[in-house]
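Single-structure report; data block below.
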Amino acid sequence: MKWEIKQFNEVSSTNTLARTMPIGTVVMAEAQTAGRGRYGRVWQSPIGNLYASFVFPNTDKLQKYLSFMTGLALAESLPEFDVHLKWPNDVLLDGKKLAGVLLETVEDKIIVGIGVNLVSSPTKNVLYPTTHLGGLLSPIALVKRLIIQYDAVLSILEKKGFEKIKQRWLDLAQNVGEIISVHLPDQELVGIFKGINNDGALILKTTQKTYKIMAGDVFLI
Ligand code: BTN
């Protein structure tokens, strides 16, 4: 895909601004005053980190796979770091959260919001331990790498299908085969992380049964 990068100083949320932009735009901001995380959580957004939103077309295929493709593209944009993936698309470094992804569908667009801790990471009010890259990469350098890696994963999807994306995702995933805990809105499940299926659902084997989970928070234990 061809991308046009638009850079702003401070915005409320790049995901909100991206709604008004054409498909193929990458909205970047130096800081956000109302950065959002998954499940309506706050994404603290001080100057120095990456806040970017990619405007994709809303197609069936992307609707299904873009979440995994984004995790993979992000991880593959950071080859000099020993990063891993946590379902569905968090990027971890040393077991701590380095980046988060928020997908929002608005009519004919899928907005992929990406936050990467480049120079700092929050310590207060966090659900999960966090880390940052110590300023070794600039926001624009990372966005340029991401554009290249998105192209690579999109062409894998075209040529080889989701199976191949899934394989690469699993190669980078943290804790496959180990015990994890998954927080769902109404319960917590503990079991063995068996992998993901072709719909991208997380497969969790508890002592009772095997669950296919489409949404939830994973904790590594
Ligand atoms: C999460 O892990 O909960 C997802 C965090 C996503 C944060 C990014 S920063 C750029 C974009 N704009 C937002 O308001 N949120 C996303």
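Each chain of the structure tokens is named A, B, ... in the order shown, its residues numbered from 1; ligands are numbered from 1 in display order.
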Please report, as a PyMOL selection string, each residue of segment 15-93 of chain A to which DSSP assigns helix (DSSP H, G or I) when run on this structure's backbone.
-> chain A and resi 15-18+38-40+60-76
Save the residues we just selected, N, CA and C atoms, as a PDB file, in the first residue's frame?
```pdb
ATOM      1  N   ASN A  15      -6.026   8.313  16.688  1.00  0.00           N
ATOM      2  CA  ASN A  15      -7.100   7.465  16.155  1.00  0.00           C
ATOM      3  C   ASN A  15      -8.337   8.291  15.808  1.00  0.00           C
ATOM      4  N   THR A  16      -8.631   9.293  16.632  1.00  0.00           N
ATOM      5  CA  THR A  16      -9.798  10.150  16.375  1.00  0.00           C
ATOM      6  C   THR A  16      -9.540  10.995  15.128  1.00  0.00           C
ATOM      7  N   LEU A  17      -8.363  11.597  15.045  1.00  0.00           N
ATOM      8  CA  LEU A  17      -8.033  12.438  13.897  1.00  0.00           C
ATOM      9  C   LEU A  17      -8.021  11.602  12.606  1.00  0.00           C
ATOM     10  N   ALA A  18      -7.546  10.363  12.713  1.00  0.00           N
ATOM     11  CA  ALA A  18      -7.430   9.499  11.528  1.00  0.00           C
ATOM     12  C   ALA A  18      -8.789   9.215  10.886  1.00  0.00           C
ATOM     13  N   ARG A  38      -6.958  -0.175  24.735  1.00  0.00           N
ATOM     14  CA  ARG A  38      -8.063  -1.113  24.541  1.00  0.00           C
ATOM     15  C   ARG A  38      -9.018  -1.027  25.736  1.00  0.00           C
ATOM     16  N   TYR A  39     -10.246  -1.400  25.500  1.00  0.00           N
ATOM     17  CA  TYR A  39     -11.304  -1.395  26.531  1.00  0.00           C
ATOM     18  C   TYR A  39     -11.471  -0.021  27.186  1.00  0.00           C
ATOM     19  N   GLY A  40     -11.307   1.041  26.388  1.00  0.00           N
ATOM     20  CA  GLY A  40     -11.535   2.391  26.890  1.00  0.00           C
ATOM     21  C   GLY A  40     -10.529   2.848  27.944  1.00  0.00           C
ATOM     22  N   ASP A  60     -12.958  -7.556   4.341  1.00  0.00           N
ATOM     23  CA  ASP A  60     -13.193  -8.739   5.183  1.00  0.00           C
ATOM     24  C   ASP A  60     -11.882  -9.323   5.682  1.00  0.00           C
ATOM     25  N   LYS A  61     -10.938  -9.436   4.774  1.00  0.00           N
ATOM     26  CA  LYS A  61      -9.647 -10.035   5.118  1.00  0.00           C
ATOM     27  C   LYS A  61      -8.920  -9.226   6.185  1.00  0.00           C
ATOM     28  N   LEU A  62      -8.880  -7.909   5.975  1.00  0.00           N
ATOM     29  CA  LEU A  62      -8.164  -7.070   6.942  1.00  0.00           C
ATOM     30  C   LEU A  62      -8.887  -7.082   8.285  1.00  0.00           C
ATOM     31  N   GLN A  63     -10.209  -7.084   8.228  1.00  0.00           N
ATOM     32  CA  GLN A  63     -11.013  -7.129   9.449  1.00  0.00           C
ATOM     33  C   GLN A  63     -10.596  -8.340  10.298  1.00  0.00           C
ATOM     34  N   LYS A  64     -10.327  -9.440   9.621  1.00  0.00           N
ATOM     35  CA  LYS A  64      -9.988 -10.675  10.318  1.00  0.00           C
ATOM     36  C   LYS A  64      -8.537 -10.710  10.794  1.00  0.00           C
ATOM     37  N   TYR A  65      -7.639 -10.226   9.943  1.00  0.00           N
ATOM     38  CA  TYR A  65      -6.221 -10.506  10.200  1.00  0.00           C
ATOM     39  C   TYR A  65      -5.343  -9.317  10.551  1.00  0.00           C
ATOM     40  N   LEU A  66      -5.875  -8.098  10.396  1.00  0.00           N
ATOM     41  CA  LEU A  66      -5.012  -6.925  10.561  1.00  0.00           C
ATOM     42  C   LEU A  66      -4.410  -6.822  11.964  1.00  0.00           C
ATOM     43  N   SER A  67      -5.151  -7.290  12.942  1.00  0.00           N
ATOM     44  CA  SER A  67      -4.664  -7.240  14.309  1.00  0.00           C
ATOM     45  C   SER A  67      -3.356  -8.032  14.454  1.00  0.00           C
ATOM     46  N   PHE A  68      -3.334  -9.246  13.942  1.00  0.00           N
ATOM     47  CA  PHE A  68      -2.124 -10.074  14.014  1.00  0.00           C
ATOM     48  C   PHE A  68      -1.033  -9.540  13.112  1.00  0.00           C
ATOM     49  N   MET A  69      -1.455  -9.065  11.935  1.00  0.00           N
ATOM     50  CA  MET A  69      -0.473  -8.545  10.989  1.00  0.00           C
ATOM     51  C   MET A  69       0.241  -7.339  11.581  1.00  0.00           C
ATOM     52  N   THR A  70      -0.480  -6.549  12.369  1.00  0.00           N
ATOM     53  CA  THR A  70       0.123  -5.366  12.979  1.00  0.00           C
ATOM     54  C   THR A  70       1.135  -5.771  14.057  1.00  0.00           C
ATOM     55  N   GLY A  71       0.756  -6.735  14.891  1.00  0.00           N
ATOM     56  CA  GLY A  71       1.698  -7.214  15.910  1.00  0.00           C
ATOM     57  C   GLY A  71       2.966  -7.719  15.252  1.00  0.00           C
ATOM     58  N   LEU A  72       2.778  -8.495  14.194  1.00  0.00           N
ATOM     59  CA  LEU A  72       3.915  -9.080  13.489  1.00  0.00           C
ATOM     60  C   LEU A  72       4.774  -7.993  12.824  1.00  0.00           C
ATOM     61  N   ALA A  73       4.117  -7.064  12.127  1.00  0.00           N
ATOM     62  CA  ALA A  73       4.854  -5.993  11.441  1.00  0.00           C
ATOM     63  C   ALA A  73       5.646  -5.158  12.456  1.00  0.00           C
ATOM     64  N   LEU A  74       5.027  -4.912  13.600  1.00  0.00           N
ATOM     65  CA  LEU A  74       5.706  -4.135  14.648  1.00  0.00           C
ATOM     66  C   LEU A  74       6.930  -4.878  15.165  1.00  0.00           C
ATOM     67  N   ALA A  75       6.741  -6.148  15.482  1.00  0.00           N
ATOM     68  CA  ALA A  75       7.859  -6.940  16.014  1.00  0.00           C
ATOM     69  C   ALA A  75       8.980  -7.017  14.976  1.00  0.00           C
ATOM     70  N   GLU A  76       8.597  -7.161  13.717  1.00  0.00           N
ATOM     71  CA  GLU A  76       9.620  -7.289  12.672  1.00  0.00           C
ATOM     72  C   GLU A  76      10.260  -5.946  12.316  1.00  0.00           C
TER      73      GLU A  76
END
```
For Met28 of chain A, work out the shell of residues within 6 Å, counting only C-alpha atoms and skipping chain neighbours fewer than 3 positions away, then give it as a PyMOL selection string.
-> chain A and resi 7+51-52
Could you write out that same residue set with N, CA, C and O atoms as a short mmCIF file (atom, residue, chain, number, x, y, z; two decimals), in the first residue's frame?
```
data_model
loop_
_atom_site.label_atom_id
_atom_site.label_comp_id
_atom_site.auth_asym_id
_atom_site.auth_seq_id
_atom_site.Cartn_x
_atom_site.Cartn_y
_atom_site.Cartn_z
N GLN A 7 2.17 14.64 10.01
CA GLN A 7 2.68 14.80 11.37
C GLN A 7 2.08 16.00 12.07
O GLN A 7 1.97 17.08 11.49
N TYR A 51 3.15 7.76 18.58
CA TYR A 51 1.69 7.70 18.53
C TYR A 51 1.32 7.82 17.06
O TYR A 51 1.50 8.88 16.46
N ALA A 52 0.85 6.74 16.48
CA ALA A 52 0.55 6.77 15.05
C ALA A 52 -0.70 5.97 14.76
O ALA A 52 -0.98 4.97 15.42
#
```
Name each residue within 6 Å of ligand 1, counting only C-alpha atoms and all ligand atoms, as a PyMOL selection string.
-> chain A and resi 13-15+35-38+43+51-53+100-102+113-115
Could you write out that same residue set with N, CA and C atoms as a CSV table (one decimal), in the first residue's frame?
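File written: selection-v2.csv
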```
chain,number,residue,atom,x,y,z
A,13,SER,N,-6.3,12.4,20.1
A,13,SER,CA,-5.9,11.0,19.8
A,13,SER,C,-5.7,10.9,18.4
A,14,THR,N,-4.6,10.3,17.9
A,14,THR,CA,-4.4,10.1,16.5
A,14,THR,C,-5.5,9.2,15.9
A,15,ASN,N,-6.0,8.3,16.7
A,15,ASN,CA,-7.1,7.5,16.2
A,15,ASN,C,-8.3,8.3,15.8
A,35,GLY,N,-5.2,10.0,24.7
A,35,GLY,CA,-4.8,8.7,24.1
A,35,GLY,C,-5.6,7.6,24.7
A,36,ARG,N,-6.1,6.7,23.8
A,36,ARG,CA,-6.9,5.6,24.3
A,36,ARG,C,-6.2,4.3,24.1
A,37,GLY,N,-6.5,3.4,25.1
A,37,GLY,CA,-6.0,2.0,25.0
A,37,GLY,C,-7.2,1.1,24.7
A,38,ARG,N,-7.0,-0.2,24.7
A,38,ARG,CA,-8.1,-1.1,24.5
A,38,ARG,C,-9.0,-1.0,25.7
A,43,TRP,N,-4.3,5.8,27.5
A,43,TRP,CA,-3.0,5.5,27.1
A,43,TRP,C,-2.2,6.8,27.3
A,51,TYR,N,3.2,7.8,18.6
A,51,TYR,CA,1.7,7.7,18.5
A,51,TYR,C,1.3,7.8,17.1
A,52,ALA,N,0.9,6.7,16.5
A,52,ALA,CA,0.6,6.8,15.0
A,52,ALA,C,-0.7,6.0,14.8
A,53,SER,N,-1.5,6.4,13.8
A,53,SER,CA,-2.7,5.7,13.3
A,53,SER,C,-2.6,5.5,11.8
A,100,GLY,N,1.4,-1.1,22.2
A,100,GLY,CA,0.1,-1.5,22.2
A,100,GLY,C,-0.6,-1.1,20.9
A,101,VAL,N,-1.6,-1.8,20.5
A,101,VAL,CA,-2.3,-1.6,19.3
A,101,VAL,C,-3.8,-1.5,19.6
A,102,LEU,N,-4.5,-0.5,19.0
A,102,LEU,CA,-5.9,-0.3,19.2
A,102,LEU,C,-6.6,-0.2,17.8
A,113,GLY,N,-4.3,2.1,15.5
A,113,GLY,CA,-3.6,3.0,16.3
A,113,GLY,C,-2.4,2.2,17.0
A,114,ILE,N,-1.3,2.8,16.9
A,114,ILE,CA,-0.1,2.1,17.5
A,114,ILE,C,0.7,3.1,18.4
A,115,GLY,N,0.9,2.6,19.6
A,115,GLY,CA,1.6,3.3,20.6
A,115,GLY,C,2.9,2.5,21.0
```
Nearby residues (only C-alpha atoms) at most 9 Å from Tyr128 of chain A, same-chain spacing under 3 positions excluded, as an NGL selection string = :A and (96-97 or 219)
May I have the residues within 7 Å of Pro57 of chain A as a ChimeraX atom specification, using only C-alpha atoms and disregarding those fewer than 4 positions away in the same chain?
-> /A:23,108-110
Could you turn the residues from that selection into a file that holds N, CA and C atoms, as a short mmCIF file (atom, residue, chain, number, x, y, z; two decimals), in the first residue's frame?
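Just written: out_33.cif:
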```cif
data_model
loop_
_atom_site.label_atom_id
_atom_site.label_comp_id
_atom_site.auth_asym_id
_atom_site.auth_seq_id
_atom_site.Cartn_x
_atom_site.Cartn_y
_atom_site.Cartn_z
N ILE A 23 -8.10 6.92 3.30
CA ILE A 23 -7.39 5.64 3.37
C ILE A 23 -5.98 5.84 2.82
N ASP A 108 -16.01 2.68 6.14
CA ASP A 108 -15.16 1.98 5.16
C ASP A 108 -13.69 1.94 5.55
N LYS A 109 -13.38 2.31 6.82
CA LYS A 109 -11.97 2.35 7.25
C LYS A 109 -11.72 1.50 8.47
N ILE A 110 -10.52 0.95 8.52
CA ILE A 110 -10.06 0.37 9.78
C ILE A 110 -8.89 1.23 10.23
#
```
Determine which residues of segment 13-213 of chain A receive a DSSP assignment of strand (DSSP E), computed from the backbone, and state them as a count of residues only.
-> 65
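If only C-alpha atoms are the atoms counted, then among A:Leu189, A:Leu146, A:Leu103, A:Met21 the closest residue to Met1 of chain A is A:Leu146.
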Extract, using only C-alpha atoms, all DNA, RNA and protein residues at most 12 Å from Arg168 of chain A, discarding same-chain residues fewer than 2 positions from it, and format them as a PyMOL selection string.
-> chain A and resi 68-69+71-73+75-76+84-85+153+156-157+160-166+170-173+195-196
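With distances restricted to only C-alpha atoms, A:Thr105 is the closest residue to Arg19 of chain A from A:Gln174, A:Gln187, A:Asn198, A:Thr105.
Considering only C-alpha atoms, the residue among A:Val116, A:Ser138, A:Lys159, A:Pro88 positioned nearest to Asn197 of chain A is A:Pro88.
Closest approach to Ala215 of chain A from the set A:Leu50, A:Val182, A:Val106, A:Ile192 is made by A:Val182, with distances taken over only C-alpha atoms.
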